[in-house]
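Note sheet for the following structure.
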Amino acid sequence: MILKAIVFQGNSTIINKNYPDPEAGTGEVVVEMKAAGICGSDLQILTIPTPPPFVAGHEGAGIVHEVGKGVLDFRVGDRVAIYHHHGCGKCTLCKMGRNMQCAERRGLHWHQNGCDSDYFLTKAKFCMKLPDELTFQDGAIIGCAGGTAYSVVKKMALSGCTSFVLFGAGPVGLSILMVARVYGVRPIVVDMFEDRLEFSRRFGANELINGSKIDTLKAVMELTNGKGAERIMVAAGSHQAQATAVQCLAANGRIGFVGMGAQKNSIDMNHFIRQEATAVGSYVFSRTDYPEMVEFLLKYDIHYSDMVTRTFKLEEAEEAYRLFAEGAAGKFMFVWDN
Ligand SMILES: [Zn+2]
Ligand SMILES: [Zn+2]
């Protein structure tokens, strides 16, 4: 059998390519894909002249189709979400399940085939069982944006904070809103696109600031009685957004950065130091966070897939990425038959 996959060809060209069906070796499983998300980081790879020669995609969920030798934790038919950071597999961080922090930054699409394909081969240890209450689309989002959001919110000490600003209303930002809502925050959301701002209301945005039209710092100060925000999360990778976010901090504030840009940036550290603020770096999520995250999502009835605004077939990849790159609201998803 032949499987279909998405491959980036450089300078924003995308093709559908056929591959022979993968076979599960020792410790491996083949996953029949059911949902695969389009991520902001895909767009960064899409535009470079020579992208990695692998199948695209790193956010996926599906059904275990074949199990290799020595795989004890999974059976054919299990529903799974996919963990995309592999690392070296040997160092302490990898052994702790913190593969995303391994010095060897290995993972889907960069060093092996990604999951935007009918079938996907991976080591079984990078599969995470998906409970029946969560959809495949929920699972795909958990594997990247959703897991990132959960992980950073946990570090933000939101309880009791009276002012909370989110920069960036893309999929990570929306996931942050869904999780942060549980803590009763009244989010001020900043973005450059009106559609994305309006869409964020559905996930609890209380005040909207369009940074392309008004002075964000001034607006945040007005909304916080001149104090600045106690908690700020930056799910935007632009220098401008990150620098403005720091300026918006209140005394003893706490800021979490999750949006990574393509270029290095400069931040007003003097302001940061004077505010005695706490910075939280947070990068994707640890495999060991997964069970408690699932428990949290089930307990508070959070479905990340509520933000999916369009679904596509793999054959429609070109259109999907083009529309997503234009700053569309919500999350886009490749789906098979679910
Ligand atoms: Zn992603
Ligand atoms: Zn490692």
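Identifiers in this document derive from the order of the structure tokens: chains are assigned A, B, ..., residues are numbered from 1 separately in each chain, and ligands are numbered from 1 in order of occurrence.
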**Prompt:** Could you pull the residues within 10 Å of A:Phe312, counting only C-alpha atoms, minus those fewer than 6 positions along the same chain, as a list in words?
**Reply:**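 Final neighbour list, sorted by chain and number: Ala35, Ala36, Gly37, Glu319, Ala320, Phe332, Met333, Phe334, Val335 and Trp336 of chain A.
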What would the file look like if the residues just selected were written as a PDB file, in the first residue's frame with C-alpha atoms?
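Done, and the output landed in again-v4.pdb:
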ATOM      1  CA  ALA A  35      -5.989  14.548  12.943  1.00  0.00           C
ATOM      2  CA  ALA A  36      -2.893  16.700  12.443  1.00  0.00           C
ATOM      3  CA  GLY A  37      -2.687  20.375  13.313  1.00  0.00           C
ATOM      4  CA  GLU A 319      -4.589  26.255   0.495  1.00  0.00           C
ATOM      5  CA  ALA A 320      -4.543  25.362   4.185  1.00  0.00           C
ATOM      6  CA  PHE A 332      -6.536  24.632  11.206  1.00  0.00           C
ATOM      7  CA  MET A 333      -6.445  20.876  11.094  1.00  0.00           C
ATOM      8  CA  PHE A 334      -5.867  18.114   8.589  1.00  0.00           C
ATOM      9  CA  VAL A 335      -8.386  15.371   9.138  1.00  0.00           C
ATOM     10  CA  TRP A 336      -8.952  11.941   7.738  1.00  0.00           C
TER      11      TRP A 336
END
6 Å shell around ligand 2 using only C-alpha atoms and all ligand atoms, listed as a CSV table (one decimal) with C-alpha atoms, in the first residue's frame:
chain,number,residue,atom,x,y,z
A,87,GLY,CA,16.1,14.5,21.8
A,88,CYS,CA,19.0,12.0,22.2
A,89,GLY,CA,17.0,9.6,24.3
A,90,LYS,CA,19.9,8.9,26.6
A,91,CYS,CA,20.6,12.0,28.7
A,93,LEU,CA,16.6,15.2,30.6
A,94,CYS,CA,15.4,12.7,28.1
A,99,ASN,CA,13.0,15.5,25.7
A,102,CYS,CA,17.7,17.9,25.4
**Message:** What residues of the protein or nucleic acid chains come within 12 Å of ligand 1 when you use only C-alpha atoms and all ligand atoms? Reply as a VMD selection string.
**Reply:** chain A and resid 36 to 45 56 to 60 82 to 85 107 to 109 114 to 115 140 to 149 170 to 172 258 to 260 283 to 285 331 to 333
Got a sec: who's within 10 Å of stretch 164-167 of chain A, counting only C-alpha atoms, leaving out chain neighbours fewer than 4 positions off, as a PDB file with N, CA and C atoms, in the first residue's frame?
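part_20.pdb, written as the output of this step:
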ATOM      1  N   LEU A 158      -1.435  31.916  38.822  1.00  0.00           N
ATOM      2  CA  LEU A 158      -2.526  32.818  38.446  1.00  0.00           C
ATOM      3  C   LEU A 158      -3.525  33.080  39.567  1.00  0.00           C
ATOM      4  N   GLY A 173      -2.165  30.909  22.190  1.00  0.00           N
ATOM      5  CA  GLY A 173      -2.842  31.908  23.016  1.00  0.00           C
ATOM      6  C   GLY A 173      -4.249  31.468  23.393  1.00  0.00           C
ATOM      7  N   LEU A 174      -4.982  30.945  22.431  1.00  0.00           N
ATOM      8  CA  LEU A 174      -6.352  30.498  22.720  1.00  0.00           C
ATOM      9  C   LEU A 174      -6.345  29.336  23.716  1.00  0.00           C
ATOM     10  N   ILE A 176      -4.117  28.874  25.992  1.00  0.00           N
ATOM     11  CA  ILE A 176      -3.809  29.501  27.287  1.00  0.00           C
ATOM     12  C   ILE A 176      -5.097  30.047  27.903  1.00  0.00           C
ATOM     13  N   LEU A 177      -5.918  30.707  27.084  1.00  0.00           N
ATOM     14  CA  LEU A 177      -7.174  31.256  27.616  1.00  0.00           C
ATOM     15  C   LEU A 177      -8.052  30.149  28.182  1.00  0.00           C
ATOM     16  N   ALA A 180      -6.390  29.040  31.463  1.00  0.00           N
ATOM     17  CA  ALA A 180      -6.313  30.105  32.466  1.00  0.00           C
ATOM     18  C   ALA A 180      -7.695  30.453  33.024  1.00  0.00           C
ATOM     19  N   VAL A 185      -9.380  34.214  35.782  1.00  0.00           N
ATOM     20  CA  VAL A 185      -8.799  35.481  35.320  1.00  0.00           C
ATOM     21  C   VAL A 185      -9.742  36.185  34.347  1.00  0.00           C
ATOM     22  N   ARG A 186      -9.569  37.488  34.215  1.00  0.00           N
ATOM     23  CA  ARG A 186     -10.321  38.269  33.240  1.00  0.00           C
ATOM     24  C   ARG A 186      -9.318  38.806  32.217  1.00  0.00           C
ATOM     25  N   PRO A 187      -9.083  38.022  31.162  1.00  0.00           N
ATOM     26  CA  PRO A 187      -7.952  38.326  30.280  1.00  0.00           C
ATOM     27  C   PRO A 187      -8.144  39.564  29.393  1.00  0.00           C
ATOM     28  N   ILE A 188      -7.066  40.328  29.303  1.00  0.00           N
ATOM     29  CA  ILE A 188      -6.944  41.376  28.283  1.00  0.00           C
ATOM     30  C   ILE A 188      -6.121  40.725  27.175  1.00  0.00           C
ATOM     31  N   VAL A 189      -6.640  40.711  25.947  1.00  0.00           N
ATOM     32  CA  VAL A 189      -5.928  40.022  24.867  1.00  0.00           C
ATOM     33  C   VAL A 189      -5.441  41.036  23.831  1.00  0.00           C
ATOM     34  N   VAL A 190      -4.164  40.883  23.466  1.00  0.00           N
ATOM     35  CA  VAL A 190      -3.543  41.768  22.483  1.00  0.00           C
ATOM     36  C   VAL A 190      -3.202  40.957  21.236  1.00  0.00           C
ATOM     37  N   ASP A 191      -3.580  41.447  20.071  1.00  0.00           N
ATOM     38  CA  ASP A 191      -3.194  40.804  18.810  1.00  0.00           C
ATOM     39  C   ASP A 191      -3.226  41.881  17.729  1.00  0.00           C
ATOM     40  N   MET A 192      -2.698  41.528  16.571  1.00  0.00           N
ATOM     41  CA  MET A 192      -2.663  42.492  15.466  1.00  0.00           C
ATOM     42  C   MET A 192      -3.831  42.292  14.495  1.00  0.00           C
ATOM     43  N   ALA A 205     -11.786  35.948  26.537  1.00  0.00           N
ATOM     44  CA  ALA A 205     -11.148  37.270  26.469  1.00  0.00           C
ATOM     45  C   ALA A 205     -12.135  38.315  26.959  1.00  0.00           C
ATOM     46  N   ASN A 206     -11.653  39.188  27.816  1.00  0.00           N
ATOM     47  CA  ASN A 206     -12.528  40.172  28.435  1.00  0.00           C
ATOM     48  C   ASN A 206     -12.393  41.538  27.775  1.00  0.00           C
ATOM     49  N   GLU A 207     -11.151  41.936  27.531  1.00  0.00           N
ATOM     50  CA  GLU A 207     -10.874  43.192  26.826  1.00  0.00           C
ATOM     51  C   GLU A 207      -9.972  42.869  25.657  1.00  0.00           C
ATOM     52  N   LEU A 208     -10.179  43.570  24.539  1.00  0.00           N
ATOM     53  CA  LEU A 208      -9.372  43.323  23.345  1.00  0.00           C
ATOM     54  C   LEU A 208      -8.560  44.568  22.987  1.00  0.00           C
ATOM     55  N   ILE A 209      -7.308  44.351  22.644  1.00  0.00           N
ATOM     56  CA  ILE A 209      -6.460  45.461  22.196  1.00  0.00           C
ATOM     57  C   ILE A 209      -5.872  45.086  20.841  1.00  0.00           C
ATOM     58  N   GLY A 211      -3.175  45.764  18.563  1.00  0.00           N
ATOM     59  CA  GLY A 211      -1.869  46.420  18.590  1.00  0.00           C
ATOM     60  C   GLY A 211      -1.495  47.101  17.289  1.00  0.00           C
ATOM     61  N   VAL A 220      -3.089  49.073  28.007  1.00  0.00           N
ATOM     62  CA  VAL A 220      -2.963  48.184  29.172  1.00  0.00           C
ATOM     63  C   VAL A 220      -2.912  49.016  30.450  1.00  0.00           C
ATOM     64  N   THR A 224      -5.563  48.899  33.656  1.00  0.00           N
ATOM     65  CA  THR A 224      -5.055  48.396  34.945  1.00  0.00           C
ATOM     66  C   THR A 224      -4.827  49.550  35.938  1.00  0.00           C
ATOM     67  N   GLY A 228      -0.120  48.556  35.427  1.00  0.00           N
ATOM     68  CA  GLY A 228       0.452  47.491  34.604  1.00  0.00           C
ATOM     69  C   GLY A 228      -0.161  46.156  35.022  1.00  0.00           C
ATOM     70  N   ALA A 229       0.193  45.125  34.301  1.00  0.00           N
ATOM     71  CA  ALA A 229      -0.455  43.823  34.530  1.00  0.00           C
ATOM     72  C   ALA A 229       0.367  42.949  35.464  1.00  0.00           C
ATOM     73  N   GLU A 230      -0.323  42.279  36.383  1.00  0.00           N
ATOM     74  CA  GLU A 230       0.366  41.387  37.332  1.00  0.00           C
ATOM     75  C   GLU A 230       0.884  40.123  36.655  1.00  0.00           C
ATOM     76  N   ARG A 231       0.115  39.649  35.697  1.00  0.00           N
ATOM     77  CA  ARG A 231       0.519  38.440  34.980  1.00  0.00           C
ATOM     78  C   ARG A 231       0.409  38.695  33.478  1.00  0.00           C
ATOM     79  N   ILE A 232       1.457  38.325  32.778  1.00  0.00           N
ATOM     80  CA  ILE A 232       1.450  38.511  31.324  1.00  0.00           C
ATOM     81  C   ILE A 232       1.960  37.228  30.679  1.00  0.00           C
ATOM     82  N   MET A 233       1.275  36.776  29.643  1.00  0.00           N
ATOM     83  CA  MET A 233       1.787  35.642  28.881  1.00  0.00           C
ATOM     84  C   MET A 233       1.946  36.066  27.432  1.00  0.00           C
ATOM     85  N   VAL A 234       3.086  35.714  26.880  1.00  0.00           N
ATOM     86  CA  VAL A 234       3.405  36.168  25.533  1.00  0.00           C
ATOM     87  C   VAL A 234       3.464  34.959  24.606  1.00  0.00           C
ATOM     88  N   ALA A 235       2.389  34.780  23.877  1.00  0.00           N
ATOM     89  CA  ALA A 235       2.321  33.683  22.911  1.00  0.00           C
ATOM     90  C   ALA A 235       2.486  34.262  21.510  1.00  0.00           C
ATOM     91  N   ALA A 236       3.413  35.189  21.402  1.00  0.00           N
ATOM     92  CA  ALA A 236       3.721  35.831  20.127  1.00  0.00           C
ATOM     93  C   ALA A 236       5.229  35.884  20.022  1.00  0.00           C
ATOM     94  N   GLY A 237       5.748  35.663  18.843  1.00  0.00           N
ATOM     95  CA  GLY A 237       7.201  35.597  18.696  1.00  0.00           C
ATOM     96  C   GLY A 237       7.836  36.900  18.240  1.00  0.00           C
ATOM     97  N   ALA A 241       6.121  42.571  20.158  1.00  0.00           N
ATOM     98  CA  ALA A 241       5.173  42.080  21.166  1.00  0.00           C
ATOM     99  C   ALA A 241       5.898  41.759  22.475  1.00  0.00           C
ATOM    100  N   GLN A 242       7.050  41.114  22.380  1.00  0.00           N
ATOM    101  CA  GLN A 242       7.785  40.730  23.590  1.00  0.00           C
ATOM    102  C   GLN A 242       8.256  41.964  24.358  1.00  0.00           C
ATOM    103  N   THR A 244       7.031  45.056  24.180  1.00  0.00           N
ATOM    104  CA  THR A 244       5.885  45.781  24.731  1.00  0.00           C
ATOM    105  C   THR A 244       5.342  45.052  25.955  1.00  0.00           C
ATOM    106  N   ALA A 245       5.329  43.737  25.898  1.00  0.00           N
ATOM    107  CA  ALA A 245       4.802  42.950  27.025  1.00  0.00           C
ATOM    108  C   ALA A 245       5.589  43.244  28.300  1.00  0.00           C
ATOM    109  N   CYS A 248       4.631  46.374  29.907  1.00  0.00           N
ATOM    110  CA  CYS A 248       3.285  46.366  30.505  1.00  0.00           C
ATOM    111  C   CYS A 248       3.245  45.756  31.905  1.00  0.00           C
ATOM    112  N   LEU A 249       4.412  45.259  32.392  1.00  0.00           N
ATOM    113  CA  LEU A 249       4.413  44.581  33.694  1.00  0.00           C
ATOM    114  C   LEU A 249       4.170  45.521  34.869  1.00  0.00           C
ATOM    115  N   GLY A 253       5.403  41.729  39.056  1.00  0.00           N
ATOM    116  CA  GLY A 253       4.666  40.974  38.053  1.00  0.00           C
ATOM    117  C   GLY A 253       5.385  39.708  37.660  1.00  0.00           C
ATOM    118  N   ARG A 254       4.699  38.924  36.894  1.00  0.00           N
ATOM    119  CA  ARG A 254       5.275  37.678  36.405  1.00  0.00           C
ATOM    120  C   ARG A 254       4.918  37.562  34.937  1.00  0.00           C
ATOM    121  N   ILE A 255       5.910  37.221  34.135  1.00  0.00           N
ATOM    122  CA  ILE A 255       5.668  37.145  32.694  1.00  0.00           C
ATOM    123  C   ILE A 255       6.117  35.794  32.177  1.00  0.00           C
ATOM    124  N   GLY A 256       5.341  35.206  31.323  1.00  0.00           N
ATOM    125  CA  GLY A 256       5.701  33.917  30.726  1.00  0.00           C
ATOM    126  C   GLY A 256       5.837  34.069  29.222  1.00  0.00           C
ATOM    127  N   PHE A 257       6.970  33.651  28.700  1.00  0.00           N
ATOM    128  CA  PHE A 257       7.187  33.725  27.254  1.00  0.00           C
ATOM    129  C   PHE A 257       7.053  32.332  26.657  1.00  0.00           C
ATOM    130  N   GLY A 259       6.065  32.255  22.943  1.00  0.00           N
ATOM    131  CA  GLY A 259       6.115  32.463  21.486  1.00  0.00           C
ATOM    132  C   GLY A 259       7.530  32.716  21.026  1.00  0.00           C
TER     133      GLY A 259
END
**Request:** Please report, as a PyMOL selection string, each residue of stretch 48-159 of chain A to which DSSP assigns strand (DSSP E or B) when run on this structure's backbone.
**Result:** chain A and resi 55+60-67+79-82+85+107-108+112+117+119-123+127-129
**Long-range neighbours of A:Ile6 as a ChimeraX atom specification, 9 Å cut-off, only C-alpha atoms, 4 positions minimum in chain** = /A:14-18,54-57,114-117,314-315,317
Export of prior selection with C-alpha atoms as a tab-separated table (two decimals), in the first residue's frame:
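Written out: result.tsv:
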chain	number	residue	atom	x	y	z
A	14	ILE	CA	4.27	22.20	-0.82
A	15	ILE	CA	3.73	18.87	-2.50
A	16	ASN	CA	1.83	15.69	-1.77
A	17	LYS	CA	4.24	12.79	-1.96
A	18	ASN	CA	3.64	9.05	-1.83
A	54	PHE	CA	11.09	14.85	5.62
A	55	VAL	CA	7.34	14.63	5.83
A	56	ALA	CA	5.91	17.75	7.50
A	57	GLY	CA	3.89	17.95	10.69
A	114	GLY	CA	6.54	14.14	10.63
A	115	CYS	CA	2.96	13.08	11.01
A	116	ASP	CA	1.16	14.83	8.13
A	117	SER	CA	0.67	11.50	6.40
A	314	LEU	CA	-3.89	16.43	2.92
A	315	GLU	CA	-4.49	17.23	-0.76
A	317	ALA	CA	-2.34	21.48	2.07
Any chance you could list, as a PDB file with N, CA and C atoms, in the first residue's frame, the residues in stretch 172-265 of chain A that come up helix (DSSP H, G or I) when DSSP is run on the backbone?
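The result, written out as out.pdb:
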ATOM      1  N   VAL A 172      -1.852  28.841  20.367  1.00  0.00           N
ATOM      2  CA  VAL A 172      -1.267  28.715  21.707  1.00  0.00           C
ATOM      3  C   VAL A 172      -1.966  29.689  22.658  1.00  0.00           C
ATOM      4  N   GLY A 173      -2.165  30.909  22.190  1.00  0.00           N
ATOM      5  CA  GLY A 173      -2.842  31.908  23.016  1.00  0.00           C
ATOM      6  C   GLY A 173      -4.249  31.468  23.393  1.00  0.00           C
ATOM      7  N   LEU A 174      -4.982  30.945  22.431  1.00  0.00           N
ATOM      8  CA  LEU A 174      -6.352  30.498  22.720  1.00  0.00           C
ATOM      9  C   LEU A 174      -6.345  29.336  23.716  1.00  0.00           C
ATOM     10  N   SER A 175      -5.379  28.440  23.564  1.00  0.00           N
ATOM     11  CA  SER A 175      -5.268  27.326  24.522  1.00  0.00           C
ATOM     12  C   SER A 175      -4.970  27.862  25.912  1.00  0.00           C
ATOM     13  N   ILE A 176      -4.117  28.874  25.992  1.00  0.00           N
ATOM     14  CA  ILE A 176      -3.809  29.501  27.287  1.00  0.00           C
ATOM     15  C   ILE A 176      -5.097  30.047  27.903  1.00  0.00           C
ATOM     16  N   LEU A 177      -5.918  30.707  27.084  1.00  0.00           N
ATOM     17  CA  LEU A 177      -7.174  31.256  27.616  1.00  0.00           C
ATOM     18  C   LEU A 177      -8.052  30.149  28.182  1.00  0.00           C
ATOM     19  N   MET A 178      -8.124  29.025  27.462  1.00  0.00           N
ATOM     20  CA  MET A 178      -8.980  27.923  27.910  1.00  0.00           C
ATOM     21  C   MET A 178      -8.529  27.382  29.262  1.00  0.00           C
ATOM     22  N   VAL A 179      -7.216  27.283  29.444  1.00  0.00           N
ATOM     23  CA  VAL A 179      -6.699  26.741  30.702  1.00  0.00           C
ATOM     24  C   VAL A 179      -6.761  27.807  31.806  1.00  0.00           C
ATOM     25  N   ALA A 180      -6.390  29.040  31.463  1.00  0.00           N
ATOM     26  CA  ALA A 180      -6.313  30.105  32.466  1.00  0.00           C
ATOM     27  C   ALA A 180      -7.695  30.453  33.024  1.00  0.00           C
ATOM     28  N   ARG A 181      -8.698  30.221  32.218  1.00  0.00           N
ATOM     29  CA  ARG A 181     -10.073  30.506  32.619  1.00  0.00           C
ATOM     30  C   ARG A 181     -10.461  29.795  33.922  1.00  0.00           C
ATOM     31  N   VAL A 182      -9.903  28.617  34.090  1.00  0.00           N
ATOM     32  CA  VAL A 182     -10.186  27.827  35.291  1.00  0.00           C
ATOM     33  C   VAL A 182      -9.787  28.604  36.553  1.00  0.00           C
ATOM     34  N   TYR A 183      -8.792  29.486  36.420  1.00  0.00           N
ATOM     35  CA  TYR A 183      -8.308  30.262  37.573  1.00  0.00           C
ATOM     36  C   TYR A 183      -9.093  31.554  37.760  1.00  0.00           C
ATOM     37  N   GLU A 194      -7.885  41.652  13.780  1.00  0.00           N
ATOM     38  CA  GLU A 194      -9.214  41.837  14.366  1.00  0.00           C
ATOM     39  C   GLU A 194      -9.977  40.509  14.499  1.00  0.00           C
ATOM     40  N   ASP A 195      -9.892  39.669  13.463  1.00  0.00           N
ATOM     41  CA  ASP A 195     -10.619  38.394  13.478  1.00  0.00           C
ATOM     42  C   ASP A 195     -10.176  37.521  14.645  1.00  0.00           C
ATOM     43  N   ARG A 196      -8.862  37.484  14.842  1.00  0.00           N
ATOM     44  CA  ARG A 196      -8.334  36.643  15.917  1.00  0.00           C
ATOM     45  C   ARG A 196      -8.751  37.189  17.271  1.00  0.00           C
ATOM     46  N   LEU A 197      -8.763  38.502  17.388  1.00  0.00           N
ATOM     47  CA  LEU A 197      -9.197  39.109  18.652  1.00  0.00           C
ATOM     48  C   LEU A 197     -10.651  38.770  18.945  1.00  0.00           C
ATOM     49  N   GLU A 198     -11.500  38.979  17.958  1.00  0.00           N
ATOM     50  CA  GLU A 198     -12.933  38.702  18.159  1.00  0.00           C
ATOM     51  C   GLU A 198     -13.145  37.238  18.544  1.00  0.00           C
ATOM     52  N   PHE A 199     -12.417  36.350  17.844  1.00  0.00           N
ATOM     53  CA  PHE A 199     -12.548  34.915  18.100  1.00  0.00           C
ATOM     54  C   PHE A 199     -12.160  34.574  19.544  1.00  0.00           C
ATOM     55  N   SER A 200     -11.196  35.318  20.080  1.00  0.00           N
ATOM     56  CA  SER A 200     -10.698  34.999  21.430  1.00  0.00           C
ATOM     57  C   SER A 200     -11.760  35.253  22.508  1.00  0.00           C
ATOM     58  N   ARG A 201     -12.758  36.046  22.186  1.00  0.00           N
ATOM     59  CA  ARG A 201     -13.845  36.285  23.151  1.00  0.00           C
ATOM     60  C   ARG A 201     -14.518  34.975  23.550  1.00  0.00           C
ATOM     61  N   ARG A 202     -14.626  34.078  22.573  1.00  0.00           N
ATOM     62  CA  ARG A 202     -15.264  32.784  22.831  1.00  0.00           C
ATOM     63  C   ARG A 202     -14.565  31.984  23.915  1.00  0.00           C
ATOM     64  N   PHE A 203     -13.287  32.302  24.124  1.00  0.00           N
ATOM     65  CA  PHE A 203     -12.498  31.535  25.082  1.00  0.00           C
ATOM     66  C   PHE A 203     -12.194  32.365  26.331  1.00  0.00           C
ATOM     67  N   THR A 216      -0.524  49.849  22.563  1.00  0.00           N
ATOM     68  CA  THR A 216      -0.826  48.747  23.475  1.00  0.00           C
ATOM     69  C   THR A 216      -0.467  49.080  24.921  1.00  0.00           C
ATOM     70  N   LEU A 217       0.707  49.655  25.115  1.00  0.00           N
ATOM     71  CA  LEU A 217       1.153  49.980  26.479  1.00  0.00           C
ATOM     72  C   LEU A 217       0.158  50.926  27.141  1.00  0.00           C
ATOM     73  N   LYS A 218      -0.232  51.950  26.406  1.00  0.00           N
ATOM     74  CA  LYS A 218      -1.175  52.934  26.947  1.00  0.00           C
ATOM     75  C   LYS A 218      -2.499  52.259  27.313  1.00  0.00           C
ATOM     76  N   ALA A 219      -2.960  51.399  26.414  1.00  0.00           N
ATOM     77  CA  ALA A 219      -4.249  50.729  26.642  1.00  0.00           C
ATOM     78  C   ALA A 219      -4.186  49.819  27.868  1.00  0.00           C
ATOM     79  N   VAL A 220      -3.089  49.073  28.007  1.00  0.00           N
ATOM     80  CA  VAL A 220      -2.963  48.184  29.172  1.00  0.00           C
ATOM     81  C   VAL A 220      -2.912  49.016  30.450  1.00  0.00           C
ATOM     82  N   MET A 221      -2.184  50.120  30.408  1.00  0.00           N
ATOM     83  CA  MET A 221      -2.091  50.974  31.605  1.00  0.00           C
ATOM     84  C   MET A 221      -3.469  51.515  31.986  1.00  0.00           C
ATOM     85  N   GLU A 222      -4.234  51.913  30.987  1.00  0.00           N
ATOM     86  CA  GLU A 222      -5.586  52.424  31.268  1.00  0.00           C
ATOM     87  C   GLU A 222      -6.465  51.347  31.900  1.00  0.00           C
ATOM     88  N   LEU A 223      -6.330  50.143  31.367  1.00  0.00           N
ATOM     89  CA  LEU A 223      -7.189  49.053  31.853  1.00  0.00           C
ATOM     90  C   LEU A 223      -6.755  48.524  33.225  1.00  0.00           C
ATOM     91  N   HIS A 239       9.453  40.576  18.129  1.00  0.00           N
ATOM     92  CA  HIS A 239      10.225  41.406  19.062  1.00  0.00           C
ATOM     93  C   HIS A 239       9.329  42.448  19.678  1.00  0.00           C
ATOM     94  N   GLN A 240       8.547  43.052  18.814  1.00  0.00           N
ATOM     95  CA  GLN A 240       7.704  44.163  19.243  1.00  0.00           C
ATOM     96  C   GLN A 240       6.777  43.712  20.376  1.00  0.00           C
ATOM     97  N   ALA A 241       6.121  42.571  20.158  1.00  0.00           N
ATOM     98  CA  ALA A 241       5.173  42.080  21.166  1.00  0.00           C
ATOM     99  C   ALA A 241       5.898  41.759  22.475  1.00  0.00           C
ATOM    100  N   GLN A 242       7.050  41.114  22.380  1.00  0.00           N
ATOM    101  CA  GLN A 242       7.785  40.730  23.590  1.00  0.00           C
ATOM    102  C   GLN A 242       8.256  41.964  24.358  1.00  0.00           C
ATOM    103  N   ALA A 243       8.777  42.946  23.614  1.00  0.00           N
ATOM    104  CA  ALA A 243       9.279  44.156  24.266  1.00  0.00           C
ATOM    105  C   ALA A 243       8.131  44.934  24.894  1.00  0.00           C
ATOM    106  N   THR A 244       7.031  45.056  24.180  1.00  0.00           N
ATOM    107  CA  THR A 244       5.885  45.781  24.731  1.00  0.00           C
ATOM    108  C   THR A 244       5.342  45.052  25.955  1.00  0.00           C
ATOM    109  N   ALA A 245       5.329  43.737  25.898  1.00  0.00           N
ATOM    110  CA  ALA A 245       4.802  42.950  27.025  1.00  0.00           C
ATOM    111  C   ALA A 245       5.589  43.244  28.300  1.00  0.00           C
ATOM    112  N   VAL A 246       6.904  43.319  28.190  1.00  0.00           N
ATOM    113  CA  VAL A 246       7.732  43.622  29.368  1.00  0.00           C
ATOM    114  C   VAL A 246       7.372  44.998  29.915  1.00  0.00           C
ATOM    115  N   GLN A 247       7.170  45.947  28.998  1.00  0.00           N
ATOM    116  CA  GLN A 247       6.800  47.301  29.427  1.00  0.00           C
ATOM    117  C   GLN A 247       5.476  47.327  30.191  1.00  0.00           C
TER     118      GLN A 247
END
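Among the candidate residues A:Thr122, A:Thr311, A:Ser282, A:Ser305, the one lying nearest to A:Gln101 is A:Ser282, with distances computed using only C-alpha atoms.
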**Gap from atom CA of A:Phe74 to atom CA of A:Ile302 - Å, one decimal** = 25.3 Å
**Prompt:** What is the distance between atom CA of A:Pro49 and atom CA of A:Gln112, in Å to one decimal?
**Reply:**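 Rounded to one decimal, the two atoms are 18.6 Å apart.
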**Prompt:** Which is closer to A:Ala61 than all the others in A:Tyr290, A:Phe136, A:Phe8, A:Tyr19, using only C-alpha atoms?
**Reply:** A:Phe136
**Complete:** Of A:Gly226, A:Gly62, A:Gly327, A:Pro53, the one sitting nearest A:Thr135 when using only C-alpha atoms is A:Gly62
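Among the candidates A:Leu3, A:Ala169, A:Ile267, A:Ile63, the residue lying nearest to A:Asn210 is A:Ala169 (atoms considered: only C-alpha atoms).
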**Asked** Looking at A:Asp337, A:Asp301, A:Asp289, A:Glu23, which one is nearest to A:Lys123, with distances taken over only C-alpha atoms?
**Response**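 Under the stated criterion, the closest residue is A:Glu23.
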So that I can see what lies close to A:Asp78, please list as an mmCIF file with C-alpha atoms, in the first residue's frame the residues with an atom at most 8 Å from it, counting only C-alpha atoms and leaving out residues fewer than 2 positions away in the same chain.
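Generated output (result.cif):
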data_model
loop_
_atom_site.group_PDB
_atom_site.id
_atom_site.type_symbol
_atom_site.label_atom_id
_atom_site.label_comp_id
_atom_site.auth_asym_id
_atom_site.auth_seq_id
_atom_site.Cartn_x
_atom_site.Cartn_y
_atom_site.Cartn_z
ATOM 1 C CA ILE A 63 -5.137 4.982 16.135
ATOM 2 C CA VAL A 64 -2.377 2.436 16.656
ATOM 3 C CA PHE A 74 0.120 -0.161 23.294
ATOM 4 C CA ARG A 75 -2.162 -2.406 21.314
ATOM 5 C CA VAL A 76 -3.647 -2.159 17.861
ATOM 6 C CA VAL A 80 -3.008 8.052 20.860
ATOM 7 C CA LYS A 129 -2.803 7.352 25.277
#
